[in-house]
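Step one of this worksheet: look at the structure below.
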Amino acid sequence: MSEHSNDKPVPKPLATPNIGIPSTRIPSKIKPPKMNSLHPAVVHIQSKEPGNQDENAPSQAKRPKMDPPRYPPPLSKPAGTGLKRAHSALSLNVSTCSSTISVARGRSEKKAPLGPSVVNRVTTNVKASVPPAKSKKTKRPAWDLKGRIQDIEEQFLVSRKTNDELISQLKLNEERIALLEGLNSELSQDVQCKESKTQEANEVLEQLQKSLREKEEKLTTVRTRKESLENQVNTLQQECTGLQSTIGQLTSAQAGLQAHLEATKVILQQAQAENEAQKKMIQELQAKLYDKENKICVLETRTRQDEQTRRKLHNIIQELKGNIRVFCRVRPLLPNELDEIPEEHIPHIAFPDPDNREVQLMRLSDISLNESSVVGKTKTPVKYDFTFDRVFCPLSNQSEVFDEISQLVQSSLDGYNVCIFAYGQTGSGKTYTMEGPEELDLTLDLDSPCLGMIPRAVQQIFSTEQELQKKGWQYKMDSYFLEIYNEVIHDLLVDSPSDNSVKHEIKMVGKGSELYVTNLTTVIVKTEKRIHQLLKKARKNRAVAATKCNQHSSRSHSVFRIKLSGNNSITGETCEGTLNLVDLAGSERLKDSGSEGQRLEETKNINRSLANLGNVIMALSQKADHIPYRNSKLTHLLMNSLGGNSKVLMFVNVSPKEEHFNETLNSLRFATKVNQCQIGTAHKKVK
């Protein structure tokens, strides 16, 4: 027997009734299957039996040919295929009928629904038409072909019987479908009638609802209007009541106002009389005020004249004191020096004059020039007396010293050139006198009692300038700060010492006598704080080094100059003065300093410039024809300050140590020569 084909026949679509319900038509004749192959339905039934192979699997061996069995009358198609098609068609008809009934129910909600008996009967009949599944038989062995054919014949007979039952059931279903189609048409007509009536009722209902809304809006408007009118009535009633009470109050108040008016008339008459008296008094006061203003103008004029007189007298007093004055200051012993002198006093220096104008040196022993210890036997003390304009003992403080030079600072504001410089050996306290201690912060510690002469002079200049503003004076101030190191000028107001590569030279302005330094930083200052910032920067940039004589020896001459240009807006008077504050480098002998290399060169230049300063002072005192100002940068820069048109003050600073006796003696002798010098009269500089 040959293998059968796996392709199943596709059922053809059936005709559909006019009512829209699909139906299937069972063919009247079923052709018998060919004997040379098994029908697909038979193969399908066989595959469901236990032990059978998959329907898609090919046969493993050829079957032997057998005689054809005796079948009943042939059918047009296999029974299995007809059974499946009939079953699917009936299921489709049942689902379509159910959907049609559901649509009919939705269209007519108010009409009595279709009874469930019809649907239930259709469903029951369809289910009854489907034959129950037979229990699977045990699988026959492959060699029992006769048994297997017998099973197929039994299955075919059952399928044929089932097919006949389905055909009869299909006819019954078609009759029922026709009944349902008639019922469906009646329901459709009823639904259309109900829909038209429902639409008309809805239109009437919408009109009624619209009318009702309009009536309600009108009613709401009327009610709102009514409430508004009631509120207005209540308000008017309250206002009426209030007005009635107000009328009563005004009536009673009118009588009181009438009485008050009478009293006011009496008061007004009295006030008018007083006003006349006040007018007379005002006229008298205005006349007195006019007299006072005239007196004030006279007094202000007199004050300005007194200020001019004060400046003249002040200048005369300074001239009587001498245009070159010398102050001597002996510094106190330092803490490390007190250990060497238990008595805590200086035995070789005395101050015999109660007016603080004399200082006395006593040589208590033979002291070598290059030794710090006493050599030889004690002899009778040799005394050296010196007289100066003022002598400050070690107990004197910075404030006492500045009180003596404050008049010279005032002279610079009056238009004079003033020069104050500190001279003395290294370690004698020159920098402390001029600037204050090294650890002092000039921008913070402005109230410190250790403040030096330079910051104190700045404070006096600004405080006096504020007082002179009341008298019409306005000042413009500019300043510079430089040092002369090894006969080279360095700008101390640069941001870094490395910026001093620019060469600075001293030149004269035009054909006049005023000097200026090229490429120098000149700052216009308007506040005291700004000058203190400049002083702080200059202190950092100044050259300082350690020697055997002093651990913090200044190795250069520093010059701080502030130029004061004044203008009086009332009198039209102008003046221009300068204040030079100089801290000279310390003089020291080469044998005592032990300097070598760069320190040795610094010491030579310092001593040379100080010697030239002495030569200029001596030439001025002798009124020589030629004054050697240009022999050093220091004397050249101070030419106008040391000349006749200036006021000069020299501090000679003295060390209290006995080992420095010879250097102290030389400094005091040089200061005496300066004090004896007469350089002429200073003149006020007017623009």
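The way I read the labels, and the way they are meant: chains A, B, ... in the order of the structure tokens, residue 1 as the first residue of every chain, and ligand 1 as the first ligand shown, with later ones counted on from there.
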Point to revise | Long-range neighbours of Lys503 (chain A) as a ChimeraX atom specification, 10 Å cut-off, only C-alpha atoms, 4 positions minimum in chain | key: /A:488-491,517-520
Selected residues, N, CA, C and O atoms, written as a PDB file, in the first residue's frame, please.
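What landed in selection02.pdb:
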ATOM      1  N   VAL A 488      74.953 104.900  45.167  1.00  0.00           N
ATOM      2  CA  VAL A 488      73.961 104.650  44.118  1.00  0.00           C
ATOM      3  C   VAL A 488      72.582 104.862  44.730  1.00  0.00           C
ATOM      4  O   VAL A 488      72.287 104.366  45.826  1.00  0.00           O
ATOM      5  N   ILE A 489      71.734 105.598  44.015  1.00  0.00           N
ATOM      6  CA  ILE A 489      70.381 105.892  44.515  1.00  0.00           C
ATOM      7  C   ILE A 489      69.447 104.740  44.160  1.00  0.00           C
ATOM      8  O   ILE A 489      69.385 104.309  43.002  1.00  0.00           O
ATOM      9  N   HIS A 490      68.712 104.242  45.168  1.00  0.00           N
ATOM     10  CA  HIS A 490      67.719 103.183  44.981  1.00  0.00           C
ATOM     11  C   HIS A 490      66.340 103.706  45.411  1.00  0.00           C
ATOM     12  O   HIS A 490      66.217 104.388  46.433  1.00  0.00           O
ATOM     13  N   ASP A 491      65.353 103.362  44.631  1.00  0.00           N
ATOM     14  CA  ASP A 491      63.962 103.746  44.939  1.00  0.00           C
ATOM     15  C   ASP A 491      63.377 102.728  45.919  1.00  0.00           C
ATOM     16  O   ASP A 491      63.308 101.525  45.629  1.00  0.00           O
ATOM     17  N   VAL A 517      65.078 113.929  41.351  1.00  0.00           N
ATOM     18  CA  VAL A 517      65.755 112.672  41.039  1.00  0.00           C
ATOM     19  C   VAL A 517      65.002 112.005  39.898  1.00  0.00           C
ATOM     20  O   VAL A 517      63.772 111.842  39.959  1.00  0.00           O
ATOM     21  N   THR A 518      65.713 111.614  38.872  1.00  0.00           N
ATOM     22  CA  THR A 518      65.079 111.016  37.690  1.00  0.00           C
ATOM     23  C   THR A 518      64.602 109.591  37.993  1.00  0.00           C
ATOM     24  O   THR A 518      65.176 108.880  38.831  1.00  0.00           O
ATOM     25  N   ASN A 519      63.525 109.199  37.281  1.00  0.00           N
ATOM     26  CA  ASN A 519      62.977 107.825  37.336  1.00  0.00           C
ATOM     27  C   ASN A 519      62.609 107.393  38.753  1.00  0.00           C
ATOM     28  O   ASN A 519      62.688 106.205  39.089  1.00  0.00           O
ATOM     29  N   LEU A 520      62.215 108.335  39.576  1.00  0.00           N
ATOM     30  CA  LEU A 520      61.890 108.028  40.968  1.00  0.00           C
ATOM     31  C   LEU A 520      60.363 107.992  41.136  1.00  0.00           C
ATOM     32  O   LEU A 520      59.640 108.788  40.540  1.00  0.00           O
TER      33      LEU A 520
END
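CA of Leu665 (chain A) is positioned 8.3 Å from CA of Tyr384 (chain A).
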Review point. Which distance in Å separates CA of Leu482 (chain A) and CA of Phe560 (chain A), to one decimal?
Key: 6.7 Å
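Among A:Pro437, A:Gly566, A:Gly147, A:Pro352, the residue with the shortest atom-to-atom distance to Pro449 (chain A), counting only C-alpha atoms, is A:Pro437.
Taking CA of Thr672 (chain A) and CA of Gln622 (chain A) as endpoints, the distance between them is 14.4 Å.
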Check your understanding: Using only C-alpha atoms, which residues sit within 7 Å of region 535-543 of chain A once same-chain residues fewer than 3 positions away are excluded, as a list in words?
Key -> Leu442, Phe481, Leu492, Leu493, Pro497, Ile531, His532, Ser554, Arg555 and Ser556 of chain A
Point to revise | Which of region 364-531 of chain A fall in strand (DSSP E), as a count of residues only | key: 43
